[in-house]
Structure formats: structure tokens, C-alpha cells
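structure-v8.pdb (PDB, C-alpha atoms and all ligand atoms) appears below.
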```
ATOM      1  CA  MET A   1       9.508  -9.414 -15.707
ATOM      2  CA  PRO A   2       9.940  -9.260 -19.497
ATOM      3  CA  ASP A   3       6.701  -7.301 -20.002
ATOM      4  CA  PRO A   4       5.793  -5.607 -16.699
ATOM      5  CA  SER A   5       2.569  -3.702 -16.119
ATOM      6  CA  ARG A   6       3.723  -0.146 -15.348
ATOM      7  CA  LEU A   7       1.799   2.725 -13.783
ATOM      8  CA  VAL A   8       2.508   6.282 -14.982
ATOM      9  CA  THR A   9       1.070   9.277 -13.136
ATOM     10  CA  VAL A  10       1.375  12.902 -14.254
ATOM     11  CA  PRO A  11       0.049  14.867 -11.286
ATOM     12  CA  THR A  12       0.920  18.250 -12.846
ATOM     13  CA  LEU A  13      -1.955  17.777 -15.329
ATOM     14  CA  SER A  14      -4.424  18.542 -12.530
ATOM     15  CA  GLN A  15      -2.033  20.238 -10.071
ATOM     16  CA  PRO A  16       0.432  22.389 -12.067
ATOM     17  CA  ASP A  17       2.181  23.724  -8.943
ATOM     18  CA  MET A  18       3.778  20.288  -8.389
ATOM     19  CA  ALA A  19       6.569  21.378 -10.797
ATOM     20  CA  PRO A  20       8.175  24.696 -11.842
ATOM     21  CA  ALA A  21       6.263  26.539 -14.590
ATOM     22  CA  GLY A  22       6.706  24.811 -17.966
ATOM     23  CA  SER A  23       7.748  21.481 -16.401
ATOM     24  CA  SER A  24       5.910  18.306 -15.404
ATOM     25  CA  SER A  25       6.113  15.833 -12.565
ATOM     26  CA  LEU A  26       6.161  12.214 -13.664
ATOM     27  CA  TYR A  27       5.802   9.170 -11.469
ATOM     28  CA  VAL A  28       6.485   5.703 -12.895
ATOM     29  CA  LEU A  29       5.910   2.488 -10.979
ATOM     30  CA  GLU A  30       7.196  -0.928 -12.064
ATOM     31  CA  PRO A  31       6.588  -4.037  -9.950
ATOM     32  CA  VAL A  32       9.792  -5.851  -8.955
ATOM     33  CA  PRO A  33      10.583  -8.809  -6.669
ATOM     34  CA  HIS A  34      11.206  -8.177  -2.975
ATOM     35  CA  ASN A  35      14.676  -8.430  -1.497
ATOM     36  CA  GLY A  36      14.266 -12.134  -0.757
ATOM     37  CA  SER A  37      15.009 -12.549  -4.478
ATOM     38  CA  GLY A  38      18.695 -11.819  -3.965
ATOM     39  CA  LEU A  39      18.684  -9.067  -6.654
ATOM     40  CA  ASP A  40      21.498  -6.567  -6.087
ATOM     41  CA  TRP A  41      19.982  -3.121  -6.598
ATOM     42  CA  GLY A  42      23.441  -1.594  -6.639
ATOM     43  CA  VAL A  43      23.796  -3.470  -9.957
ATOM     44  CA  GLU A  44      20.160  -3.485 -11.142
ATOM     45  CA  SER A  45      19.158   0.146 -10.575
ATOM     46  CA  GLY A  46      21.214   1.510 -13.536
ATOM     47  CA  PRO A  47      19.662  -0.856 -16.134
ATOM     48  CA  MET A  48      16.243  -0.336 -14.498
ATOM     49  CA  ARG A  49      16.552   3.435 -14.957
ATOM     50  CA  GLU A  50      17.485   2.940 -18.615
ATOM     51  CA  ARG A  51      14.525   0.576 -19.169
ATOM     52  CA  LEU A  52      12.116   3.060 -17.576
ATOM     53  CA  LEU A  53      13.449   5.946 -19.663
ATOM     54  CA  ALA A  54      13.199   3.862 -22.848
ATOM     55  CA  PHE A  55       9.626   2.937 -21.942
ATOM     56  CA  LEU A  56       8.680   6.587 -21.324
ATOM     57  CA  GLU A  57      10.209   7.650 -24.614
ATOM     58  CA  ARG A  58       8.450   4.831 -26.506
ATOM     59  CA  GLU A  59       5.100   5.819 -25.006
ATOM     60  CA  GLY A  60       5.550   9.525 -25.814
ATOM     61  CA  TYR A  61       6.199  10.926 -22.340
ATOM     62  CA  PRO A  62       8.787  13.709 -21.864
ATOM     63  CA  THR A  63      12.267  12.351 -21.019
ATOM     64  CA  ASP A  64      14.283  15.581 -20.732
ATOM     65  CA  VAL A  65      14.698  14.988 -17.016
ATOM     66  CA  VAL A  66      15.736  17.894 -14.787
ATOM     67  CA  THR A  67      15.698  16.030 -11.493
ATOM     68  CA  GLU A  68      14.858  12.429 -10.632
ATOM     69  CA  ARG A  69      14.745   9.925  -7.817
ATOM     70  CA  LEU A  70      14.759   6.146  -8.223
ATOM     71  CA  VAL A  71      13.361   4.152  -5.311
ATOM     72  CA  THR A  72      14.180   0.431  -5.089
ATOM     73  CA  PRO A  73      13.301  -2.242  -2.513
ATOM     74  CA  ASP A  74      16.542  -1.257  -0.726
ATOM     75  CA  GLU A  75      15.073   2.171   0.133
ATOM     76  CA  TRP A  76      11.812   0.585   1.320
ATOM     77  CA  GLN A  77      13.784  -1.886   3.432
ATOM     78  CA  ALA A  78      15.842   0.954   4.949
ATOM     79  CA  GLN A  79      12.514   2.456   6.056
ATOM     80  CA  GLY A  80      11.816  -0.732   8.023
ATOM     81  CA  MET A  81       9.637  -2.627   5.526
ATOM     82  CA  HIS A  82      10.308  -6.365   5.631
ATOM     83  CA  LEU A  83      12.399  -7.357   2.562
ATOM     84  CA  GLY A  84      11.522  -3.953   1.046
ATOM     85  CA  THR A  85       7.846  -4.746   0.509
ATOM     86  CA  PRO A  86       5.696  -1.578   0.702
ATOM     87  CA  PHE A  87       2.731  -3.510  -0.740
ATOM     88  CA  ALA A  88       2.462  -5.855   2.268
ATOM     89  CA  LEU A  89       1.724  -9.550   1.592
ATOM     90  CA  ALA A  90       1.646 -10.589  -2.062
ATOM     91  CA  HIS A  91      -1.660 -11.907  -3.388
ATOM     92  CA  THR A  92      -0.389 -15.398  -3.966
ATOM     93  CA  PHE A  93      -2.966 -18.173  -3.525
ATOM     94  CA  GLY A  94      -1.712 -19.075  -0.052
ATOM     95  CA  GLN A  95      -1.997 -15.445   1.079
ATOM     96  CA  SER A  96      -5.356 -14.549  -0.496
ATOM     97  CA  GLY A  97      -8.967 -14.734   0.609
ATOM     98  CA  PRO A  98      -9.427 -16.976   3.636
ATOM     99  CA  PHE A  99      -5.653 -17.582   3.903
ATOM    100  CA  ARG A 100      -4.828 -13.906   4.439
ATOM    101  CA  PRO A 101      -4.179 -12.912   8.078
ATOM    102  CA  ALA A 102      -7.525 -12.168   9.746
ATOM    103  CA  ASN A 103      -8.358  -8.756  11.174
ATOM    104  CA  VAL A 104      -8.857 -10.164  14.669
ATOM    105  CA  ASP A 105      -6.441 -12.103  16.868
ATOM    106  CA  ARG A 106      -8.053 -14.869  18.914
ATOM    107  CA  ARG A 107      -5.226 -14.652  21.459
ATOM    108  CA  VAL A 108      -6.047 -11.032  22.294
ATOM    109  CA  PRO A 109      -9.808 -10.474  22.302
ATOM    110  CA  GLY A 110     -10.642  -6.918  21.289
ATOM    111  CA  LEU A 111      -7.465  -6.412  19.220
ATOM    112  CA  VAL A 112      -8.535  -5.559  15.651
ATOM    113  CA  PHE A 113      -6.302  -4.939  12.622
ATOM    114  CA  ALA A 114      -6.926  -2.696   9.619
ATOM    115  CA  GLY A 115      -4.810  -2.008   6.541
ATOM    116  CA  SER A 116      -3.130  -3.737   3.648
ATOM    117  CA  GLY A 117      -1.538  -6.504   5.748
ATOM    118  CA  THR A 118      -4.901  -8.000   6.665
ATOM    119  CA  THR A 119      -8.159  -8.732   4.828
ATOM    120  CA  PRO A 120      -9.213  -8.044   2.132
ATOM    121  CA  GLY A 121      -5.898  -6.814   0.662
ATOM    122  CA  VAL A 122      -3.701  -4.114  -0.844
ATOM    123  CA  GLY A 123      -4.699  -0.790  -2.440
ATOM    124  CA  ILE A 124      -6.705   2.194  -1.263
ATOM    125  CA  PRO A 125     -10.163   0.681  -2.027
ATOM    126  CA  MET A 126      -9.238  -2.576  -0.225
ATOM    127  CA  VAL A 127      -7.778  -0.703   2.720
ATOM    128  CA  LEU A 128     -10.958   1.385   3.051
ATOM    129  CA  VAL A 129     -12.992  -1.842   3.083
ATOM    130  CA  SER A 130     -10.573  -3.164   5.691
ATOM    131  CA  GLY A 131     -11.244  -0.090   7.858
ATOM    132  CA  ARG A 132     -14.986  -0.675   7.619
ATOM    133  CA  LEU A 133     -14.582  -4.361   8.510
ATOM    134  CA  ALA A 134     -12.381  -3.404  11.477
ATOM    135  CA  ALA A 135     -14.993  -0.907  12.699
ATOM    136  CA  GLU A 136     -17.630  -3.638  12.471
ATOM    137  CA  ARG A 137     -15.435  -6.024  14.500
ATOM    138  CA  VAL A 138     -14.921  -3.346  17.167
ATOM    139  CA  GLN A 139     -18.665  -2.746  17.304
ATOM    140  CA  GLU A 140     -19.323  -6.496  17.616
ATOM    141  CA  TYR A 141     -16.708  -6.816  20.360
ATOM    142  CA  ALA A 142     -17.896  -3.741  22.254
ATOM    143  CA  GLY A 143     -21.475  -4.971  22.001
ATOM    144  CA  ARG A 144     -20.439  -8.258  23.629
ATOM    145  CA  ALA A 145     -17.943  -6.923  26.128
ATOM    146  CA  LEU A 146     -19.767  -3.819  27.341
ATOM    147  CA  PRO A 147     -22.988  -4.341  29.281
ATOM    148  CA  VAL A 148     -25.873  -2.925  27.285
ATOM    149  CA  PRO A 149     -27.785  -0.539  29.591
ATOM    150  CA  ARG A 150     -31.112  -2.065  30.620
ATOM    151  CA  PRO A 151     -34.113  -0.138  31.836
ATOM    152  CA  PRO A 152     -34.663  -0.375  35.639
ATOM    153  CA  VAL A 153     -37.053  -3.067  36.840
ATOM    154  CA  GLY A 154     -40.583  -1.698  36.718
ATOM    155  CA  ALA A 155     -39.880   0.833  33.997
ATOM    156  CA  THR A 156     -42.679   0.986  31.471
ATOM    157  CA  SER A 157     -40.880   1.834  28.245
TER
HETATM  158  C1  LIG B 201       4.707   3.038  -4.533
HETATM  159  C2  LIG B 201       3.272   2.660  -4.255
HETATM  160  C3  LIG B 201       2.280   3.011  -5.143
HETATM  161  C4  LIG B 201       0.949   2.683  -4.887
HETATM  162  N1  LIG B 201      -0.028   3.046  -5.785
HETATM  163  C5  LIG B 201      -1.303   2.770  -5.512
HETATM  164  C6  LIG B 201      -2.341   3.189  -6.395
HETATM  165  O1  LIG B 201      -2.090   3.817  -7.428
HETATM  166  N2  LIG B 201      -3.640   2.871  -6.079
HETATM  167  C7  LIG B 201      -3.958   2.178  -4.943
HETATM  168  O2  LIG B 201      -5.146   1.915  -4.700
HETATM  169  N3  LIG B 201      -2.984   1.778  -4.083
HETATM  170  C8  LIG B 201      -1.679   2.059  -4.337
HETATM  171  N4  LIG B 201      -0.716   1.647  -3.475
HETATM  172  C9  LIG B 201      -1.092   0.810  -2.320
HETATM  173  C10 LIG B 201      -1.626   1.647  -1.185
HETATM  174  O3  LIG B 201      -0.853   2.832  -1.044
HETATM  175  C11 LIG B 201      -1.534   0.819   0.099
HETATM  176  O4  LIG B 201      -2.172  -0.449  -0.070
HETATM  177  C12 LIG B 201      -2.208   1.549   1.259
HETATM  178  O5  LIG B 201      -1.673   2.854   1.423
HETATM  179  C13 LIG B 201      -1.985   0.769   2.543
HETATM  180  O6  LIG B 201      -2.659   1.445   3.586
HETATM  181  P1  LIG B 201      -2.333   1.121   5.085
HETATM  182  O7  LIG B 201      -3.196   2.040   5.889
HETATM  183  O8  LIG B 201      -2.421  -0.356   5.327
HETATM  184  O9  LIG B 201      -0.793   1.477   5.278
HETATM  185  P2  LIG B 201      -0.032   2.848   5.054
HETATM  186  O10 LIG B 201      -0.727   3.724   4.056
HETATM  187  O11 LIG B 201       1.386   2.429   4.792
HETATM  188  O12 LIG B 201      -0.147   3.561   6.454
HETATM  189  C14 LIG B 201       0.550   3.097   7.582
HETATM  190  C15 LIG B 201       0.939   4.335   8.382
HETATM  191  O13 LIG B 201       1.420   3.915   9.653
HETATM  192  C16 LIG B 201       2.547   4.694   9.963
HETATM  193  N5  LIG B 201       3.345   3.937  10.936
HETATM  194  C17 LIG B 201       4.114   2.856  10.718
HETATM  195  N6  LIG B 201       4.656   2.439  11.862
HETATM  196  C18 LIG B 201       4.211   3.258  12.822
HETATM  197  C19 LIG B 201       4.418   3.326  14.242
HETATM  198  N7  LIG B 201       5.181   2.445  14.876
HETATM  199  N8  LIG B 201       3.797   4.324  14.914
HETATM  200  C20 LIG B 201       2.992   5.198  14.290
HETATM  201  N9  LIG B 201       2.751   5.178  12.957
HETATM  202  C21 LIG B 201       3.373   4.224  12.243
HETATM  203  C22 LIG B 201       3.253   4.905   8.643
HETATM  204  O14 LIG B 201       4.093   6.027   8.709
HETATM  205  C23 LIG B 201       2.054   5.138   7.715
HETATM  206  O15 LIG B 201       1.662   6.491   7.670
HETATM  207  C24 LIG B 201       0.616   1.984  -3.699
HETATM  208  C25 LIG B 201       1.633   1.641  -2.794
HETATM  209  C26 LIG B 201       2.931   1.975  -3.070
HETATM  210  C27 LIG B 201       4.000   1.614  -2.072
END
```
Spell out the structure here as C-alpha cells.
Ligand SMILES: Cc1cc2nc3c(=O)[nH]c(=O)nc-3n(C[C@H](O)[C@H](O)[C@H](O)COP(=O)(O)OP(=O)(O)OC[C@H]3O[C@@H](n4cnc5c(N)ncnc54)[C@H](O)[C@@H]3O)c2cc1C
Amino acid sequence: MPDPSRLVTVPTLSQPDMAPAGSSSLYVLEPVPHNGSGLDWGVESGPMRERLLAFLEREGYPTDVVTERLVTPDEWQAQGMHLGTPFALAHTFGQSGPFRPANVDRRVPGLVFAGSGTTPGVGIPMVLVSGRLAAERVQEYAGRALPVPRPPVGATS
């Protein structure tokens, strides 16, 4: 992307013990295509590092780096993520809203999914909503599948 939306986090501002005294921890995230794009990260990671450093410098962050680690889709893929996609399904039109995989599977009644790969989507708030929706589906299923105890015939209350 020519003008990507980057996320910078400086956890040492609220948790100083995340770096040696006098230093900071910096985390920079830039969205990139997944490995279906054919990008060669052996070639791209050097220029990417330079672009990120230039961005940090431009925005006034410290760039006197002591130690660093660059993670690319290759590392995510090596961890078993399909095409190096830690963010699950992209929110393209065909994968959003009603087109996103549902949190129940009609073929296996009682099987309920939660997390970023199902509805409503990616990110901690969405995933928490997904957990609530999954709990509701389990409750609905259990309510149908498990016999609700009934009072014995003749009971008065
Ligand atoms: C680099 C990055 C930065 C992000 N930044 C933000 C942010 O700033 N704000 C935000 O809201 N969201 C952010 N997200 C998105 C957010 O982290 C995810 O959407 C969310 O964590 C997904 O939750 P999940 O429970 O679906 O999956 P995960 O959090 O990935 O949890 C799945 C868990 O299952 C475990 N697991 C996998 N396979 C097995 C197995 N076979 N057996 C047992 N356990 C297994 C994994 O180890 C993992 O712990 C970020 C994601 C990434 C990758």
C-alpha cells in the first residue's frame, strides 16, 4: 500500500519493566497482503524494515534500536496460519456480515464456533461478541436437546 494505516504501541509508557531502564519497547504494525500475493519476503523484508524506520523517525519515535524482530507473513505461515494470515478471513464484501462463516454447523448439531474466523469478525471486541453469541447458541441448543425437568404429575407448584 502506498499510504498504509500503521499501528504503533509503546507499552513501556504504562509498563516500564517491559524494557531495560532508560529504554522503550516499540511495536509497529503495518497491514500487508497474505502469501497468496506471491510477495517474496526474503526480498521485501529489508525495504519494509527501512520504510518502518523512516516512518518512525518522521513521526518522532525513537529509532536508536538496540534489538528488533521483524515478523512477516512467512513467520505466521510457519506457525500454521493459512497463507500467513493471523487476522483470519479478510472483511471483503463476500466474507462480511451474512456471508461470513456462521458460528454453528448444520451438519453437526451442537457444534458451535467462536473467534475471529466466524461472526461477527476480527479484533478483541468482535471476538468477545462472538464468544457471547456462541454461549447463546449453546444455551439454545442445550435447551432444545436436554429435557427440561418437569414437576411430577399432581405437584401443586
Ligand atoms: C499482530 C496482530 C495485532 C493485533 N492487534 C489488535 C489490536 O490492536 N486490537 C484488536 O482488537 N485486535 C487486534 N488483533 C486481532 C486480535 O488479536 C484477534 O482478532 C483475536 O485475538 C482473535 O481471537 P481468537 O480467540 O479468534 O483467536 P486467538 O487469539 O488466535 O486464539 C486462538 C488460540 O487457540 C490456540 N490454538 C490453536 N490451535 C490449537 C489447537 N489445535 N489446540 C489448542 N489450542 C490451539 C492458539 O494457540 C491461540 O492461543 C491483532 C492481531 C494480530 C495478529
Which residues of chain A come within 6 Å of ligand LIG 201 (chain B), and for each one, what is the closest pair of atoms and their distance in Å to one decimal, counting all atoms listed in the file, sorted by chain and residue number, as a tab-separated table?
```
residue	atom	partner	partner_atom	distance
A:Pro86	CA	B:LIG201	C27	4.6
A:Phe87	CA	B:LIG201	C27	5.4
A:Gly115	CA	B:LIG201	O8	3.1
A:Ser116	CA	B:LIG201	O8	3.8
A:Val122	CA	B:LIG201	O4	4.0
A:Gly123	CA	B:LIG201	O4	3.5
A:Ile124	CA	B:LIG201	O2	3.8
A:Pro125	CA	B:LIG201	O2	5.8
A:Val127	CA	B:LIG201	O6	5.6
```
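The interatomic distance for the pair CA of Val66 (chain A) and CA of Gly42 (chain A) works out to 22.5 Å.
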- Message: Expand the PyMOL selection byres (((chain A and resi 45) around 12) and not hetatm) into the explicit residue set it covers here, and present it as an MDAnalysis selection string.
- Response: chainID A and resid 32 39:44 46:52 69:75
Taking all atoms of region 3-17 of chain A that the file lists and extending 4 Å past them on each side, where is the centre of the axis-aligned box and how long are its edges? Answer in Å to one decimal, as JSON.
```
{"center_x": 1.1, "center_y": 8.2, "center_z": -14.5, "size_x": 19.1, "size_y": 39.0, "size_z": 19.1}
```
Each residue of region 53-93 of chain A lying at most 10 Å from region 11-24 of chain A should get a row with its shortest atom-to-atom pair and the distance in Å to one decimal, counting only C-alpha atoms; could you produce that, ordered by chain and increasing number, as JSON lines?
```
{"residue": "A:Pro62", "atom": "CA", "partner": "A:Ser24", "partner_atom": "CA", "distance": 8.4}
{"residue": "A:Asp64", "atom": "CA", "partner": "A:Ser23", "partner_atom": "CA", "distance": 9.8}
{"residue": "A:Val65", "atom": "CA", "partner": "A:Ser24", "partner_atom": "CA", "distance": 9.5}
{"residue": "A:Val66", "atom": "CA", "partner": "A:Ser23", "partner_atom": "CA", "distance": 8.9}
```
Can I get the selection written as a PDB file, in the frame of the given file, with C-alpha atoms?
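out-v2.pdb written:
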```pdb
ATOM      1  CA  PRO A  62       8.787  13.709 -21.864  1.00  0.00           C
ATOM      2  CA  ASP A  64      14.283  15.581 -20.732  1.00  0.00           C
ATOM      3  CA  VAL A  65      14.698  14.988 -17.016  1.00  0.00           C
ATOM      4  CA  VAL A  66      15.736  17.894 -14.787  1.00  0.00           C
TER       5      VAL A  66
END
```
- Item | d(CA of Arg107 (chain A), CA of Ser130 (chain A)) in Å | 20.2 Å
- Query: Which one of A:Pro33, A:Ala88, A:Gln95, A:Tyr27 sits closest to Thr63 (chain A) if you count all atoms listed in the file?
  - Reply: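 Ranking A:Pro33, A:Ala88, A:Gln95, A:Tyr27 by distance to Thr63 (chain A), first place goes to A:Tyr27.
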- Item | Protein and nucleic acid residues near (11.6, -4.8, 2.6) (cut-off 9 Å, all atoms listed in the file) as an NGL selection string | :A and (34-36 or 73-86)
Contact table region 58-125 of chain A vs region 1-9 of chain A, cut-off 12 Å, shortest pair per residue, only C-alpha atoms, as a Markdown table:
```
| residue | atom | partner | partner_atom | distance |
| --- | --- | --- | --- | --- |
| A:Glu59 | CA | A:Val8 | CA | 10.4 |
| A:Gly60 | CA | A:Val8 | CA | 11.7 |
| A:Tyr61 | CA | A:Val8 | CA | 9.5 |
| A:Pro62 | CA | A:Val8 | CA | 11.9 |
```
- Near-region 138-140 of chain A list (8 Å; only C-alpha atoms; drop same-chain fewer than 3 positions) as a VMD selection string: chain A and resid 110 112 134 to 135 143 to 144
- Message: Quick check, in Å to one decimal: how far apart do CA of Ser37 (chain A) and CA of Arg100 (chain A) lie?
- Response: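 Distance between the two atoms: 21.8 Å.
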- Which residues, written as a ChimeraX atom specification, have at least one atom at most 9 Å from Ala102 (chain A), with only C-alpha atoms counted and residues fewer than 4 positions away on the same chain left out? /A:98,112-113,118-120
- Query: Of the candidates A:Leu56, A:Gly121, A:Gly131, A:Val10, which one gets nearest to Thr92 (chain A) if we count all atoms listed in the file?
  - Reply: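 Among the listed residues, the smallest separation from Thr92 (chain A) belongs to A:Gly121.
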- Message: My list of candidates is A:Leu53, A:Ala114, A:Leu89, A:Leu29. Which is closest to Arg132 (chain A) when distances are computed with all atoms listed in the file?
- Response: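 For Arg132 (chain A), the nearest of the candidates is A:Ala114.
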